[in-house]
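Chemist: I'd like to ask you about the structure that follows.
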Amino acid sequence: MTKYLALIPARYASTRFPAKPLADILGKPMIQHVYERATQVFDNCYVATDDDRIANAIKMFGGNVVMTSTEHRSGTDRCREALEIISAQTGTTFDVVVNIQGDEPYIQTEQLKLIKSCFNDLTTEIATLVKPFSDDEDIFNPNLPKVVLNAHSEAIYFSRSPIPFLRNLQKEEWQKNHKYLKHIGLYAYRSDILKQITSLPVGNLEKLESLEQLRWLENGYNIKVAETQFESYAIDTPEDLERLLKVLQKTIK
């Protein structure tokens, strides 16, 4: 049976939203909402952080936490160190590591189950999710990465530009004539693959697009993609949090 390790990387020093993991949402820190949803799907779940304030908050609600280096460039790098520490501490060999964003307090358990199911295919090395763009979303927004797939539901390319380019149509017609796929930043990796991809040098395409996953494609790794219909609500700024709280208040009423 495949053994999964769910990790939630969390930094305190965010440029756009300092102390973001500890932001209060309905009486709980944001990171607690993510953790509680993850533990509904995964038996082994840890927050991986480099900050004592976050670690103490996790301990306060009885969660698992692992301290990692302050030098990591990405959540993927932090996951690798956390995997090595937890494996050594517990004496457990984990087959797959799931990297869950700490700023998506209302991630759906169905999405976590979906990415988990990608590893029923023994050839899957890395997995992620996509969601079709809704009519009111802008496919030309560079902050919403797009992805195109091959016939085996594997990623061919990720881009901040809308892909594919519909050559014979005006741009305002593109979205009506093609199902564009928005990347959802939830990843899972086989443990040996995680160790390999975090040892790779930064790739040329990654530098140009500022998308980490392009490094993996450049080096020949396959990325299995599953499609979700659930929206992803990431909290990047205090304004994002204010909008979420307004929605929640209406829901409660």
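Following the order of the structure tokens, first chain is A, next is B, and so on, with residues numbered from 1 inside each chain and ligands from 1 in the order they appear.
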Quick one: residues within 12 Å of region 135-139 of chain A, only C-alpha atoms counted, chain neighbours fewer than 3 positions away excluded, as a VMD selection string?

Modeler: chain A and resid 131 to 132 142 to 147 159 to 165 171 to 183 231

Chemist: Can you pull out the residues contacting Phe119 (chain A)? Cut-off 12 Å, using only C-alpha atoms, and skip same-chain residues under 5 positions away; I want them as number ranges by chain.

Modeler: A: 1-4, 95-98, 113-114, 124-128, 187-191, 223-226

Chemist: Name the residues of region 194-226 of chain A that fall into strand (DSSP E or B) according to DSSP on the backbone, using the chain letters and numbers of this document, as a list in words.

Modeler: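 Here are the strand (DSSP E or B) residues of region 194-226 of chain A: Ile223, Lys224, Val225 and Ala226 of chain A.
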
Chemist: Deliver the residues from the most recent selection as a file, using C-alpha atoms, as a PDB file, in the first residue's frame.

Modeler:
ATOM      1  CA  ILE A 223       3.770  15.509 -14.552  1.00  0.00           C
ATOM      2  CA  LYS A 224       0.417  13.736 -14.306  1.00  0.00           C
ATOM      3  CA  VAL A 225      -2.505  16.162 -14.335  1.00  0.00           C
ATOM      4  CA  ALA A 226      -5.984  15.622 -12.914  1.00  0.00           C
TER       5      ALA A 226
END

Chemist: Tell me which protein, DNA and RNA residues are within 8 Å of region 38-46 of chain A, counting only C-alpha atoms, leaving out same-chain ones fewer than 4 positions away, and put them as a PyMOL selection string.

Modeler: chain A and resi 4-8+34+63-66+109+112-113

Chemist: Give me every alpha helix (DSSP H) residue in region 54-84 of chain A, going by DSSP on the backbone, as a short mmCIF file (atom, residue, chain, number, x, y, z; two decimals) with C-alpha atoms, in the first residue's frame.

Modeler:
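Printed below is part_27.cif as written:
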data_model
loop_
_atom_site.label_atom_id
_atom_site.label_comp_id
_atom_site.auth_asym_id
_atom_site.auth_seq_id
_atom_site.Cartn_x
_atom_site.Cartn_y
_atom_site.Cartn_z
CA ILE A 54 4.39 29.24 13.44
CA ALA A 55 5.71 26.10 15.14
CA ASN A 56 4.24 27.21 18.47
CA ALA A 57 0.86 27.90 16.87
CA ILE A 58 0.82 24.39 15.40
CA LYS A 59 1.67 22.86 18.75
CA MET A 60 -1.10 24.89 20.41
CA GLY A 75 8.15 24.96 -0.87
CA THR A 76 9.41 22.00 -2.90
CA ASP A 77 12.90 22.40 -1.42
CA ARG A 78 11.41 22.68 2.08
CA CYS A 79 9.42 19.49 1.46
CA ARG A 80 12.57 17.57 0.62
CA GLU A 81 14.26 18.52 3.90
CA ALA A 82 11.08 17.82 5.86
CA LEU A 83 10.79 14.37 4.25
CA GLU A 84 14.35 13.50 5.27
#
